[in-house]
Amino acid sequence: MAVQGLLLEAFGKFEDTISLKTWDAPPLQPWEVMIQVEGSPVNPADLNIIEGKYGRLPNLPATLGNEGTGCVIQVGTGCSRVKLEDTVVVRPGAQGMWVNRTVVKETDCFVVPNDIPITQRAMLVINPITAFKMIEGVRSGGWVIQNAANSAVGRSVVQLAKAQGVRSINFVRRPELIEELKKDGADHVFLDDEAGFVAAKEVLRHEQPLLGLNAVGGESALRVANLLALGGKLVTYGAMGRVPLKIPNGLLIFKNLSFTGFWVTAWLTTAPVEEVQKVVSTISTMMLSGALTLSIQRTFHLNEFAQALVEAGKSGRRGKIVFVIGG
Ligand SMILES: NC(=O)c1ccc[n+]([C@@H]2O[C@H](COP(=O)([O-])OP(=O)(O)OC[C@H]3O[C@@H](n4cnc5c(N)ncnc54)[C@H](OP(=O)(O)O)[C@@H]3O)[C@@H](O)[C@H]2O)c1
């Protein structure tokens with residue numbers, strides 16, 4: 001069967017390195033399934049991979065698109081968990097999802113309800129699961145403080161925290177986002193600057209926040225760290241500001257803060273399939289009920305990839321760029 005999709009042939013500017021190509025699908029092995037892909041978003045990691053600036057790079061030529069959703073159209077003879085016509089999401093990194101069809105291991109597929117809109121289930125794995133794992137264990141009534149709160153991870157944190165009774169302090173770069181995030185369930189939203197820091201400090205005067213999430217770095221990360229209580233933890237999971245963390249000695253000595261990192265791909269590749277399926281099912285239920293909704297800026301077809309990637313690289317988006325794929 002023929003596959004059509006975006007192929008990366010060298011790292012660099014996408015204009016010079018990506019093209020829409022057609023090739024033959026590999027023969028299905030007993031432990032594999034074939035998926036008719038329906039949707040896949042453009043995440044910052046996809047853009048970083050195209051540039052050749054990500055923690056783990058694929059061998060070239062490579063298919064692209066770290067996550068996505070589709071319908072199972074062929075099942076290997078040794079598969080038992082996934083059935084024909086199941087709707088699935090795919091473990092990030094298993095296969096590029098900016099294609100119309102793909103063959104993946106059954107163990108890289110997680111079944112989801114097909115009445116979740118394609119654009120939502122296309123984005124169900126990477127950002128919501130990152131949020132889910134990072135706030136896991138915060139007690140109801142506790143706090144999470146985060147920057148880049150308008151990102152898909154940030155919006156997921158806001159909605160998951162609200163559902164778990166965890167209170168959130170959120171920093172954003174643009175004032176128009178303040179009311180929008182509050183509608184999503186954010187308890188407090190401030191601009192990510194010195195005045196925002198002072199306002200957040202006032203809110204937390206009698207509180208003991210122990211978890212900060214950082215996807216920016218530099219001064220922004222320090223503001224989050226400075227709001228944490230004795231023994232708190234700052235988790236860095238992104239570097240949108242492209243500036244390193246510079247940690248003052250005092251935060252280590254007098255506050256005993258821990259600075260750690262999180263990479264969802266590492267969790268997804270080491271966690272047992274049943275455990276990942278459980279988290280996927282929890283997030284699916286939230287998406288179905290409307291308790292978790294991710295914003296979309298615009299959808300594109302694969303042949304519009306140049307415009308899609310330009311849009312995805314812009315600041316000030318309202319939400320994700322998503323490829324809607326059919327046929
Ligand atoms: N470690 C992991 O496992 C993991 C998993 C998922 C995502 N991530 C990382 O998390 C980050 C967010 O990903 P996403 O998909 O949620 O993002 P996204 O939805 O594409 O949104 C990008 C966000 O970054 C903000 N931003 C862009 N440039 C910035 C800068 N120079 N300074 C501060 N903020 C900036 C944007 O702010 P505006 O809204 O104001 O434009 C927006 O909120 C990325 O770095 C991504 O690689 C890591």
# chains A, B, ... in the order shown; residues from 1 in each chain; ligands from 1
>>> residues_around(residues="A:Val243", least_positions_apart="3", cutoff="8 Å", atoms="only C-alpha atoms", output="ChimeraX atom specification")
/A:216-218,239
>>> residues_near_ligand(ligand="ligand 1", cutoff="6 Å", atoms="only C-alpha atoms and all ligand atoms", output="MDAnalysis selection string")
chainID A and resid 43:45 126:127 130 148:153 173:174 215:216 237:241 262:265 315:317 320
>>> select_by_dssp(residues="stretch 138-306 of chain A", states="strand (DSSP E)", output="MDAnalysis selection string")
chainID A and resid 143:146 167:172 188:191 211:214 233:236 258:261 296:300
>>> residues_around(residues="A:Val125", least_positions_apart="2", cutoff="10 Å", atoms="only C-alpha atoms", output="list in words")
Asn66, Glu67, Gly68, Thr69, Val89, Val90, Arg91, Pro92, Phe110, Gln120, Arg121, Ala122, Met123, Asn127, Pro128, Ile129, Thr130, Val264, Leu268, Val276, Val279, Val280, Ile283 and Ser284 of chain A
>>> closest_residue(among="A:Val111, A:Ala10, A:Val104, A:Leu47", to="A:Pro26", atoms="only C-alpha atoms")
A:Val104
>>> residues_around(residues="A:Glu202", least_positions_apart="6", cutoff="12 Å", atoms="only C-alpha atoms", output="MDAnalysis selection string")
chainID A and resid 169 188 190 195:196 227
>>> write_last_selection(atoms="C-alpha atoms", output="PDB file, in the first residue's frame")
ATOM      1  CA  ILE A 169      -0.367  30.638  39.643  1.00  0.00           C
ATOM      2  CA  HIS A 188      -4.307  33.548  39.243  1.00  0.00           C
ATOM      3  CA  PHE A 190      -0.004  37.479  35.936  1.00  0.00           C
ATOM      4  CA  ALA A 195       5.225  43.393  38.720  1.00  0.00           C
ATOM      5  CA  GLY A 196       3.646  39.979  38.090  1.00  0.00           C
ATOM      6  CA  LEU A 227       8.082  31.944  44.800  1.00  0.00           C
TER       7      LEU A 227
END
>>> closest_residue(among="A:Asp115, A:Phe323, A:Ser80, A:Ala62", to="A:Ala306", atoms="only C-alpha atoms")
A:Phe323
>>> select_by_dssp(residues="stretch 23-206 of chain A", states="helix (DSSP H, G or I)", output="short mmCIF file (atom, residue, chain, number, x, y, z; two decimals) with all heavy atoms, in the first residue's frame")
data_model
loop_
_atom_site.label_atom_id
_atom_site.label_comp_id
_atom_site.auth_asym_id
_atom_site.auth_seq_id
_atom_site.Cartn_x
_atom_site.Cartn_y
_atom_site.Cartn_z
N PRO A 44 6.55 22.34 19.30
CA PRO A 44 7.89 22.93 19.23
C PRO A 44 8.99 21.89 18.98
O PRO A 44 9.94 22.15 18.25
CB PRO A 44 8.06 23.59 20.61
CG PRO A 44 6.67 23.93 21.02
CD PRO A 44 5.81 22.83 20.49
N ALA A 45 8.84 20.68 19.55
CA ALA A 45 9.87 19.66 19.35
C ALA A 45 10.00 19.28 17.88
O ALA A 45 11.10 18.99 17.40
CB ALA A 45 9.54 18.41 20.19
N ASP A 46 8.87 19.28 17.13
CA ASP A 46 8.94 18.96 15.70
C ASP A 46 9.79 20.01 14.98
O ASP A 46 10.61 19.67 14.11
CB ASP A 46 7.53 18.94 15.09
CG ASP A 46 6.64 17.86 15.71
OD1 ASP A 46 7.10 16.73 15.82
OD2 ASP A 46 5.50 18.19 16.10
N LEU A 47 9.58 21.27 15.36
CA LEU A 47 10.34 22.35 14.71
C LEU A 47 11.82 22.23 15.08
O LEU A 47 12.71 22.44 14.23
CB LEU A 47 9.80 23.73 15.12
CG LEU A 47 8.32 23.98 14.78
CD1 LEU A 47 7.87 25.34 15.29
CD2 LEU A 47 8.08 23.89 13.27
N ASN A 48 12.08 21.87 16.34
CA ASN A 48 13.48 21.71 16.77
C ASN A 48 14.16 20.55 16.04
O ASN A 48 15.33 20.64 15.68
CB ASN A 48 13.55 21.45 18.28
CG ASN A 48 13.04 22.63 19.09
OD1 ASN A 48 12.98 23.75 18.61
ND2 ASN A 48 12.65 22.37 20.32
N ILE A 49 13.41 19.47 15.81
CA ILE A 49 13.98 18.31 15.10
C ILE A 49 14.32 18.73 13.66
O ILE A 49 15.40 18.41 13.16
CB ILE A 49 13.00 17.12 15.14
CG1 ILE A 49 12.98 16.52 16.55
CG2 ILE A 49 13.38 16.05 14.10
CD1 ILE A 49 11.93 15.46 16.80
N ILE A 50 13.41 19.44 13.02
CA ILE A 50 13.68 19.88 11.63
C ILE A 50 14.98 20.69 11.59
O ILE A 50 15.81 20.51 10.70
CB ILE A 50 12.48 20.71 11.09
CG1 ILE A 50 11.25 19.80 10.96
CG2 ILE A 50 12.83 21.36 9.74
CD1 ILE A 50 9.94 20.54 10.74
N GLU A 51 15.15 21.55 12.59
CA GLU A 51 16.37 22.38 12.64
C GLU A 51 17.61 21.58 13.03
O GLU A 51 18.73 22.09 12.97
CB GLU A 51 16.20 23.48 13.70
CG GLU A 51 15.25 24.58 13.31
CD GLU A 51 15.14 25.62 14.43
OE1 GLU A 51 15.56 25.35 15.58
OE2 GLU A 51 14.64 26.71 14.14
N GLU A 106 2.07 -2.70 17.87
CA GLU A 106 0.83 -2.65 18.66
C GLU A 106 1.08 -1.99 20.01
O GLU A 106 0.25 -1.24 20.53
CB GLU A 106 0.30 -4.08 18.85
CG GLU A 106 -1.01 -4.11 19.59
CD GLU A 106 -1.33 -5.49 20.15
OE1 GLU A 106 -0.39 -6.25 20.45
OE2 GLU A 106 -2.52 -5.79 20.30
N THR A 107 2.27 -2.27 20.59
CA THR A 107 2.57 -1.72 21.92
C THR A 107 2.79 -0.21 21.89
O THR A 107 2.89 0.42 22.93
CB THR A 107 3.84 -2.39 22.50
OG1 THR A 107 4.86 -2.37 21.50
CG2 THR A 107 3.57 -3.81 22.93
N ASP A 108 2.88 0.38 20.69
CA ASP A 108 3.01 1.84 20.59
C ASP A 108 1.65 2.52 20.37
O ASP A 108 1.60 3.73 20.12
CB ASP A 108 3.97 2.22 19.44
CG ASP A 108 5.42 1.96 19.83
OD1 ASP A 108 5.73 2.09 21.03
OD2 ASP A 108 6.23 1.65 18.94
N ILE A 118 -11.12 14.87 16.10
CA ILE A 118 -9.78 14.51 15.59
C ILE A 118 -8.72 15.50 16.07
O ILE A 118 -7.64 15.10 16.52
CB ILE A 118 -9.78 14.47 14.05
CG1 ILE A 118 -10.60 13.27 13.56
CG2 ILE A 118 -8.36 14.40 13.48
CD1 ILE A 118 -10.85 13.25 12.05
N THR A 119 -9.02 16.78 15.99
CA THR A 119 -8.01 17.79 16.34
C THR A 119 -7.62 17.70 17.82
O THR A 119 -6.48 18.00 18.18
CB THR A 119 -8.49 19.20 16.01
OG1 THR A 119 -9.82 19.34 16.52
CG2 THR A 119 -8.47 19.47 14.52
N GLN A 120 -8.56 17.29 18.67
CA GLN A 120 -8.24 17.16 20.11
C GLN A 120 -7.44 15.87 20.37
O GLN A 120 -6.43 15.89 21.04
CB GLN A 120 -9.51 17.16 20.96
CG GLN A 120 -10.23 18.50 20.99
CD GLN A 120 -9.40 19.59 21.66
OE1 GLN A 120 -8.91 19.43 22.77
NE2 GLN A 120 -9.22 20.72 20.98
N ARG A 121 -7.91 14.77 19.78
CA ARG A 121 -7.18 13.51 20.07
C ARG A 121 -5.82 13.48 19.39
O ARG A 121 -4.91 12.78 19.82
CB ARG A 121 -8.02 12.27 19.81
CG ARG A 121 -8.53 12.02 18.44
CD ARG A 121 -9.37 10.71 18.42
NE ARG A 121 -10.44 10.75 17.47
CZ ARG A 121 -10.34 10.42 16.19
NH1 ARG A 121 -9.18 10.05 15.70
NH2 ARG A 121 -11.38 10.47 15.40
N ILE A 126 1.27 14.16 24.01
CA ILE A 126 2.51 14.80 24.49
C ILE A 126 2.25 15.86 25.57
O ILE A 126 2.78 15.76 26.68
CB ILE A 126 3.31 15.40 23.31
CG1 ILE A 126 3.79 14.27 22.40
CG2 ILE A 126 4.49 16.23 23.83
CD1 ILE A 126 4.66 14.70 21.25
N ASN A 127 1.42 16.84 25.24
CA ASN A 127 1.30 17.96 26.19
C ASN A 127 0.43 17.65 27.40
O ASN A 127 0.84 17.91 28.53
CB ASN A 127 0.86 19.22 25.43
CG ASN A 127 1.92 19.61 24.40
OD1 ASN A 127 3.11 19.60 24.69
ND2 ASN A 127 1.50 19.90 23.18
N PRO A 128 -0.76 17.04 27.19
CA PRO A 128 -1.55 16.68 28.38
C PRO A 128 -0.83 15.69 29.30
O PRO A 128 -0.89 15.82 30.52
CB PRO A 128 -2.83 16.07 27.80
CG PRO A 128 -2.96 16.71 26.46
CD PRO A 128 -1.56 16.85 25.95
N ILE A 129 -0.13 14.70 28.72
CA ILE A 129 0.54 13.72 29.61
C ILE A 129 1.71 14.38 30.33
O ILE A 129 1.98 14.08 31.50
CB ILE A 129 0.96 12.45 28.84
CG1 ILE A 129 -0.30 11.71 28.35
CG2 ILE A 129 1.79 11.52 29.72
CD1 ILE A 129 -0.05 10.36 27.69
N THR A 130 2.40 15.29 29.66
CA THR A 130 3.47 16.03 30.34
C THR A 130 2.89 16.76 31.56
O THR A 130 3.44 16.68 32.67
CB THR A 130 4.12 17.04 29.37
OG1 THR A 130 4.67 16.31 28.29
CG2 THR A 130 5.23 17.84 30.05
N ALA A 131 1.77 17.44 31.34
CA ALA A 131 1.13 18.17 32.45
C ALA A 131 0.70 17.19 33.54
O ALA A 131 0.95 17.41 34.74
CB ALA A 131 -0.07 18.95 31.92
N PHE A 132 0.07 16.11 33.13
CA PHE A 132 -0.46 15.11 34.08
C PHE A 132 0.67 14.58 34.97
O PHE A 132 0.55 14.53 36.20
CB PHE A 132 -1.10 13.96 33.29
CG PHE A 132 -1.72 12.90 34.14
CD1 PHE A 132 -3.07 12.94 34.46
CD2 PHE A 132 -0.96 11.83 34.63
CE1 PHE A 132 -3.65 11.94 35.24
CE2 PHE A 132 -1.53 10.85 35.42
CZ PHE A 132 -2.88 10.89 35.72
N LYS A 133 1.78 14.18 34.34
CA LYS A 133 2.88 13.57 35.11
C LYS A 133 3.55 14.62 36.02
O LYS A 133 4.00 14.30 37.11
CB LYS A 133 3.92 12.95 34.18
CG LYS A 133 3.46 11.72 33.44
CD LYS A 133 2.93 10.60 34.31
CE LYS A 133 3.94 9.99 35.24
NZ LYS A 133 3.37 8.97 36.14
N MET A 134 3.64 15.86 35.53
CA MET A 134 4.37 16.86 36.33
C MET A 134 3.59 17.30 37.57
O MET A 134 4.19 17.63 38.58
CB MET A 134 4.75 18.07 35.47
CG MET A 134 5.81 17.72 34.42
SD MET A 134 6.59 19.17 33.67
CE MET A 134 5.21 20.04 32.97
N ILE A 135 2.26 17.28 37.50
CA ILE A 135 1.52 17.72 38.70
C ILE A 135 1.03 16.53 39.54
O ILE A 135 0.42 16.73 40.59
CB ILE A 135 0.35 18.69 38.39
CG1 ILE A 135 -0.76 17.97 37.61
CG2 ILE A 135 0.83 19.92 37.67
CD1 ILE A 135 -2.04 18.81 37.56
N ALA A 152 0.42 24.74 25.21
CA ALA A 152 -0.49 23.60 25.33
C ALA A 152 -0.24 22.85 26.64
O ALA A 152 -1.17 22.40 27.29
CB ALA A 152 -0.34 22.68 24.13
N VAL A 153 1.04 22.75 27.04
CA VAL A 153 1.33 22.12 28.34
C VAL A 153 0.73 22.98 29.44
O VAL A 153 0.05 22.48 30.34
CB VAL A 153 2.85 21.95 28.57
CG1 VAL A 153 3.10 21.39 29.98
CG2 VAL A 153 3.48 21.03 27.54
N GLY A 154 0.97 24.30 29.36
CA GLY A 154 0.49 25.22 30.40
C GLY A 154 -1.02 25.17 30.54
O GLY A 154 -1.56 25.10 31.65
N ARG A 155 -1.72 25.18 29.40
CA ARG A 155 -3.20 25.11 29.45
C ARG A 155 -3.67 23.77 30.00
O ARG A 155 -4.70 23.69 30.67
CB ARG A 155 -3.76 25.30 28.03
CG ARG A 155 -3.50 26.67 27.46
CD ARG A 155 -4.64 27.60 27.81
NE ARG A 155 -4.53 28.83 27.07
CZ ARG A 155 -5.56 29.51 26.60
NH1 ARG A 155 -6.79 29.09 26.78
NH2 ARG A 155 -5.36 30.64 25.97
N SER A 156 -2.90 22.72 29.69
CA SER A 156 -3.26 21.41 30.25
C SER A 156 -3.06 21.41 31.76
O SER A 156 -3.89 20.88 32.51
CB SER A 156 -2.41 20.30 29.62
OG SER A 156 -2.57 20.27 28.23
N VAL A 157 -1.96 22.02 32.21
CA VAL A 157 -1.71 22.11 33.66
C VAL A 157 -2.87 22.83 34.33
O VAL A 157 -3.40 22.37 35.36
CB VAL A 157 -0.37 22.85 33.94
CG1 VAL A 157 -0.26 23.26 35.41
CG2 VAL A 157 0.83 21.98 33.54
N VAL A 158 -3.29 23.95 33.76
CA VAL A 158 -4.38 24.74 34.35
C VAL A 158 -5.63 23.87 34.51
O VAL A 158 -6.26 23.81 35.58
CB VAL A 158 -4.71 25.97 33.45
CG1 VAL A 158 -6.07 26.56 33.79
CG2 VAL A 158 -3.60 27.01 33.57
N GLN A 159 -6.00 23.15 33.44
CA GLN A 159 -7.26 22.40 33.46
C GLN A 159 -7.17 21.14 34.33
O GLN A 159 -8.11 20.81 35.05
CB GLN A 159 -7.68 22.07 32.02
CG GLN A 159 -8.01 23.35 31.24
CD GLN A 159 -8.24 23.11 29.76
OE1 GLN A 159 -9.27 22.58 29.36
NE2 GLN A 159 -7.27 23.48 28.93
N LEU A 160 -6.01 20.47 34.26
CA LEU A 160 -5.85 19.27 35.11
C LEU A 160 -5.77 19.66 36.58
O LEU A 160 -6.33 18.99 37.45
CB LEU A 160 -4.59 18.50 34.71
CG LEU A 160 -4.60 17.83 33.32
CD1 LEU A 160 -3.23 17.27 32.98
CD2 LEU A 160 -5.62 16.73 33.27
N ALA A 161 -5.07 20.77 36.87
CA ALA A 161 -4.95 21.23 38.26
C ALA A 161 -6.35 21.54 38.80
O ALA A 161 -6.72 21.11 39.91
CB ALA A 161 -4.04 22.45 38.34
N LYS A 162 -7.13 22.25 38.00
CA LYS A 162 -8.49 22.62 38.45
C LYS A 162 -9.29 21.34 38.77
O LYS A 162 -9.95 21.26 39.81
CB LYS A 162 -9.18 23.42 37.36
CG LYS A 162 -10.54 23.89 37.79
CD LYS A 162 -11.23 24.66 36.73
CE LYS A 162 -12.57 25.12 37.25
NZ LYS A 162 -13.62 24.97 36.25
N ALA A 163 -9.20 20.36 37.88
CA ALA A 163 -9.96 19.12 38.08
C ALA A 163 -9.52 18.38 39.34
O ALA A 163 -10.29 17.65 39.93
CB ALA A 163 -9.78 18.22 36.86
N LEU A 177 -4.25 37.36 27.54
CA LEU A 177 -4.43 35.95 27.91
C LEU A 177 -4.95 35.79 29.33
O LEU A 177 -5.39 34.70 29.72
CB LEU A 177 -3.11 35.20 27.77
CG LEU A 177 -2.56 35.09 26.36
CD1 LEU A 177 -1.13 34.58 26.39
CD2 LEU A 177 -3.44 34.16 25.53
N ILE A 178 -4.89 36.88 30.11
CA ILE A 178 -5.20 36.75 31.54
C ILE A 178 -6.62 36.24 31.77
O ILE A 178 -6.84 35.23 32.44
CB ILE A 178 -4.91 38.08 32.28
CG1 ILE A 178 -3.39 38.32 32.25
CG2 ILE A 178 -5.46 38.06 33.71
CD1 ILE A 178 -2.92 39.63 32.84
N GLU A 179 -7.59 36.92 31.15
CA GLU A 179 -8.99 36.50 31.36
C GLU A 179 -9.26 35.15 30.71
O GLU A 179 -10.00 34.33 31.25
CB GLU A 179 -9.96 37.56 30.82
CG GLU A 179 -10.04 38.80 31.70
CD GLU A 179 -10.20 38.46 33.20
OE1 GLU A 179 -11.10 37.67 33.53
OE2 GLU A 179 -9.42 38.98 34.03
N GLU A 180 -8.61 34.92 29.54
CA GLU A 180 -8.81 33.65 28.82
C GLU A 180 -8.39 32.45 29.70
O GLU A 180 -9.09 31.45 29.77
CB GLU A 180 -7.97 33.70 27.56
CG GLU A 180 -8.55 32.92 26.41
CD GLU A 180 -7.71 33.09 25.16
OE1 GLU A 180 -7.53 34.25 24.72
OE2 GLU A 180 -7.23 32.06 24.65
N LEU A 181 -7.23 32.58 30.34
CA LEU A 181 -6.76 31.46 31.18
C LEU A 181 -7.63 31.29 32.42
O LEU A 181 -7.85 30.17 32.88
CB LEU A 181 -5.30 31.67 31.58
CG LEU A 181 -4.32 30.87 30.70
CD1 LEU A 181 -4.15 31.52 29.34
CD2 LEU A 181 -2.99 30.71 31.38
N LYS A 182 -8.15 32.41 32.92
CA LYS A 182 -9.04 32.29 34.10
C LYS A 182 -10.30 31.53 33.72
O LYS A 182 -10.81 30.74 34.49
CB LYS A 182 -9.38 33.68 34.64
CG LYS A 182 -8.21 34.29 35.42
CD LYS A 182 -8.59 35.59 36.08
CE LYS A 182 -7.41 36.17 36.83
NZ LYS A 182 -7.61 37.58 37.22
N LYS A 183 -10.77 31.75 32.47
CA LYS A 183 -11.96 31.00 32.01
C LYS A 183 -11.66 29.51 31.95
O LYS A 183 -12.54 28.67 32.14
CB LYS A 183 -12.40 31.51 30.63
CG LYS A 183 -13.18 32.80 30.70
CD LYS A 183 -13.89 33.09 29.38
CE LYS A 183 -14.31 34.54 29.36
NZ LYS A 183 -13.80 35.32 28.25
N ASP A 184 -10.41 29.15 31.65
CA ASP A 184 -10.00 27.73 31.62
C ASP A 184 -9.89 27.14 33.02
O ASP A 184 -9.71 25.93 33.17
CB ASP A 184 -8.61 27.61 30.97
CG ASP A 184 -8.69 27.27 29.49
OD1 ASP A 184 -9.79 27.26 28.95
OD2 ASP A 184 -7.62 27.02 28.90
N GLU A 194 8.43 41.64 36.58
CA GLU A 194 8.68 41.93 37.99
C GLU A 194 7.38 42.26 38.74
O GLU A 194 7.16 41.80 39.86
CB GLU A 194 9.69 43.10 38.08
CG GLU A 194 10.77 42.99 39.12
CD GLU A 194 11.19 41.60 39.59
OE1 GLU A 194 11.60 40.77 38.74
OE2 GLU A 194 11.11 41.34 40.80
N ALA A 195 6.50 43.03 38.07
CA ALA A 195 5.22 43.39 38.72
C ALA A 195 4.37 42.13 38.93
O ALA A 195 3.72 41.98 39.98
CB ALA A 195 4.47 44.40 37.86
N GLY A 196 4.39 41.24 37.96
CA GLY A 196 3.65 39.98 38.09
C GLY A 196 4.19 39.15 39.24
O GLY A 196 3.43 38.53 40.00
N PHE A 197 5.51 39.16 39.39
CA PHE A 197 6.14 38.42 40.49
C PHE A 197 5.68 38.96 41.84
O PHE A 197 5.32 38.19 42.75
CB PHE A 197 7.67 38.53 40.35
CG PHE A 197 8.42 38.00 41.54
CD1 PHE A 197 8.57 36.64 41.72
CD2 PHE A 197 8.95 38.86 42.48
CE1 PHE A 197 9.25 36.14 42.83
CE2 PHE A 197 9.63 38.39 43.59
CZ PHE A 197 9.78 37.02 43.78
N VAL A 198 5.67 40.28 41.96
CA VAL A 198 5.28 40.91 43.23
C VAL A 198 3.82 40.55 43.55
O VAL A 198 3.47 40.20 44.69
CB VAL A 198 5.48 42.45 43.16
CG1 VAL A 198 4.88 43.15 44.37
CG2 VAL A 198 6.97 42.77 43.02
N ALA A 199 2.96 40.61 42.53
CA ALA A 199 1.54 40.29 42.73
C ALA A 199 1.38 38.82 43.16
O ALA A 199 0.58 38.51 44.05
CB ALA A 199 0.76 40.56 41.45
N ALA A 200 2.15 37.93 42.54
CA ALA A 200 2.05 36.51 42.89
C ALA A 200 2.55 36.28 44.31
O ALA A 200 1.98 35.50 45.08
CB ALA A 200 2.87 35.68 41.89
N LYS A 201 3.60 37.00 44.69
CA LYS A 201 4.16 36.85 46.04
C LYS A 201 3.12 37.24 47.10
O LYS A 201 3.00 36.59 48.14
CB LYS A 201 5.40 37.76 46.15
CG LYS A 201 6.36 37.29 47.19
CD LYS A 201 7.67 38.01 47.11
CE LYS A 201 8.36 37.65 48.39
NZ LYS A 201 9.69 37.37 48.34
N GLU A 202 2.37 38.25 46.78
CA GLU A 202 1.32 38.72 47.69
C GLU A 202 0.25 37.63 47.86
O GLU A 202 -0.17 37.33 48.99
CB GLU A 202 0.73 40.02 47.11
CG GLU A 202 -0.35 40.67 47.94
CD GLU A 202 0.09 41.00 49.37
OE1 GLU A 202 1.29 41.21 49.59
OE2 GLU A 202 -0.80 41.03 50.25
N VAL A 203 -0.15 37.01 46.75
CA VAL A 203 -1.15 35.94 46.81
C VAL A 203 -0.65 34.79 47.68
O VAL A 203 -1.40 34.18 48.45
CB VAL A 203 -1.46 35.40 45.38
CG1 VAL A 203 -2.28 34.12 45.44
CG2 VAL A 203 -2.18 36.44 44.55
#
>>> atom_distance(atom1="atom CA of A:Glu311", atom2="atom CA of A:Gln297")
8.8 Å
>>> residues_around(residues="A:Gln208", least_positions_apart="2", cutoff="12 Å", atoms="only C-alpha atoms", output="PyMOL selection string")
chain A and resi 141-145+167+201+203-206+210-212+226-233+255
>>> atom_distance(atom1="atom CA of A:Asn303", atom2="atom CA of A:Thr63")
14.5 Å
>>> atom_distance(atom1="atom CA of A:Glu32", atom2="atom CA of A:Gly70")
14.6 Å
>>> closest_residue(among="A:Thr260, A:Leu234, A:Met34, A:Val82", to="A:Val112", atoms="only C-alpha atoms")
A:Val82
